[in-house]
Amino acid sequence: MKKLISSLAAITLAVTVFAQGNNYVQNYTKYPGLAATPPMGWNSWNKFACNVSEALIKQMADAMVTTGMRDAGYTYINIDDCWHGDRDSLGFIHPDTKRFPSGMKALADYIHSKGLKLGIYSDAGSQTCGGRPGSRGYEFQDALTYASWGVDYLKYDWCNTEGLKAEGAYKTITAALRKAGRPIVLSICEWGNDTPWAWGQNVGHLWRTTGDIYNCFDCIEDHGTWKSFGVMAILDKQEGLRKYAGPGHWNDPDMLEVGNGMPANEDRAHFSMWCMLAAPLISGNDLKNMTPQTLAILTNKQALAINQDTLGIQGFKHTAKDSVDTWYKPLADGAWAVCFLNRSSKPVALNHNWTIVTDTLSHRDFNPTQEKYSVQNVWENKKATTTNTPLQAVVPAHDVLMLRLVKMK
Ligand code: GLA
């Protein structure tokens, strides 16, 4: 009998271990305690594509400080694709020595000396999307290398991954980063193909929900074998995903195109909606040559406070009527952000009566019948009104009216 019980126990253990895969050997969970609010920073791709170099990255770090963006909360300076040189005879990766003559450790030291953090880019496959060496088969070696350089953030792409399973591939790099021992934010860039929101919460700190953003308000750009998406197209692809986001694990609707050519109203609408979505705010413009208007959008204190709110609850679309979408986002201390997005190319006049709105996900009520809220315009420095009077305003074409509503005593 004893023998039977112990063989049964052995079988149960074997089945459990088999069912869990290799979980008992590695720690496949992301570094804890990072990205409590959506990460903020800059990335080279949207503006500079493959043209990255030590000189450019240093200039952007300098501009992050001198423009006041660092003090507004932007922290990460992220080098995207094409920094790579070759692997050496032992397989260790090195930066392109022409572009990064001082090496990555020196660049990380420089960036850290400015009170900023360094992000780098790799790919789960054999090659990156830009054809540089990928991390497939070198995950632990690469993680150790990044940690030794002082990297703080890794964007991990999904090109050339034939035969790989996304969840397993991202768990492998997470295990490698954990083993390397440095707190590194992991940005899962798998374009939402294999529902990263469903398995990403313990694996990475943010996950792309869509293909690449394109610098236009309302378009889809067909590149033949792949498509990229304008701001409205990306926004519409976020439907149903808000329940997966929260402190430490964010839906990522891709990096910002603010300052890359859209008119100010469209940039403002784009930025406002990313704030309502509690999206990572990774600017993608030339920080050295931006207009005061672009800077004012990227550093608007009230918009940033809505994005960075400590509750970390992603906003939701409440109504869509006459080409105006109305979004709500619960904030700390019973406050709310409300954003009217005019998707049409004509101005729309609003005459809005404040009514009760319930967020069934967070179980929070906006209740202007029982409470009085002050109504503060985020983008215009106007005297606050209250929810006791209907809201009357005109929302210009492709623009927003964004408000912060705070309970009055
Ligand atoms: C993919 C990613 C982009 C960018 C490029 C680099 O398309 O989704 O964000 O990193 O690769 O090649």
# chains A, B, ... in the order shown; residues from 1 in each chain; ligands from 1
$ closest_atom_pairs --of "chain A" --to "ligand 1" --cutoff "9 Å" --atoms "only C-alpha atoms and all ligand atoms" --output "Markdown table"
| residue | atom | partner | partner_atom_place_in_ligand_line | distance |
| --- | --- | --- | --- | --- |
| A:Ser44 | CA | ligand 1 | 10 (O) | 8.9 |
| A:Trp45 | CA | ligand 1 | 4 (C) | 6.0 |
| A:Asn46 | CA | ligand 1 | 9 (O) | 7.7 |
| A:Ala49 | CA | ligand 1 | 6 (C) | 7.1 |
| A:Cys50 | CA | ligand 1 | 12 (O) | 7.5 |
| A:Asp80 | CA | ligand 1 | 10 (O) | 5.7 |
| A:Asp81 | CA | ligand 1 | 6 (C) | 4.8 |
| A:Cys82 | CA | ligand 1 | 12 (O) | 7.5 |
| A:Tyr121 | CA | ligand 1 | 10 (O) | 7.4 |
| A:Ser122 | CA | ligand 1 | 10 (O) | 8.6 |
| A:Asp123 | CA | ligand 1 | 11 (O) | 8.8 |
| A:Thr128 | CA | ligand 1 | 12 (O) | 6.4 |
| A:Cys129 | CA | ligand 1 | 12 (O) | 4.2 |
| A:Gly130 | CA | ligand 1 | 12 (O) | 4.5 |
| A:Gly131 | CA | ligand 1 | 12 (O) | 8.0 |
| A:Lys155 | CA | ligand 1 | 10 (O) | 7.7 |
| A:Tyr156 | CA | ligand 1 | 10 (O) | 8.3 |
| A:Asp157 | CA | ligand 1 | 2 (C) | 6.2 |
| A:Trp158 | CA | ligand 1 | 1 (C) | 7.5 |
| A:Cys159 | CA | ligand 1 | 1 (C) | 7.3 |
| A:Cys189 | CA | ligand 1 | 8 (O) | 6.1 |
| A:Glu190 | CA | ligand 1 | 8 (O) | 7.4 |
| A:Trp191 | CA | ligand 1 | 8 (O) | 6.6 |
| A:Arg208 | CA | ligand 1 | 8 (O) | 8.1 |
| A:Thr210 | CA | ligand 1 | 8 (O) | 8.5 |
| A:Gly211 | CA | ligand 1 | 8 (O) | 6.2 |
| A:Asp212 | CA | ligand 1 | 8 (O) | 5.1 |
| A:Ile213 | CA | ligand 1 | 9 (O) | 8.0 |
| A:Ser228 | CA | ligand 1 | 7 (O) | 9.0 |
| A:Asp254 | CA | ligand 1 | 9 (O) | 7.1 |
| A:Met255 | CA | ligand 1 | 9 (O) | 7.6 |
$ select_by_dssp --residues "region 73-235 of chain A" --states "strand (DSSP E or B)" --output "ChimeraX atom specification"
/A:76-78,84-87,93-95,117-123,127,133,153-157,185-188,206-208,213,220-222,227-229
$ closest_residue --among "A:Asp96, A:Asp359, A:Asp109, A:Glu167" --to "Ile313 (chain A)" --atoms "only C-alpha atoms"
A:Asp359
$ closest_residue --among "A:Val203, A:Ala278, A:Ala143, A:Ala61" --to "Ala245 (chain A)" --atoms "only C-alpha atoms"
A:Ala278
$ select_by_dssp --residues "region 127-350 of chain A" --states "alpha helix (DSSP H)" --output "MDAnalysis selection string"
chainID A and resid 139:149 166:180 196:199 231:236 264:276 292:298 301:307
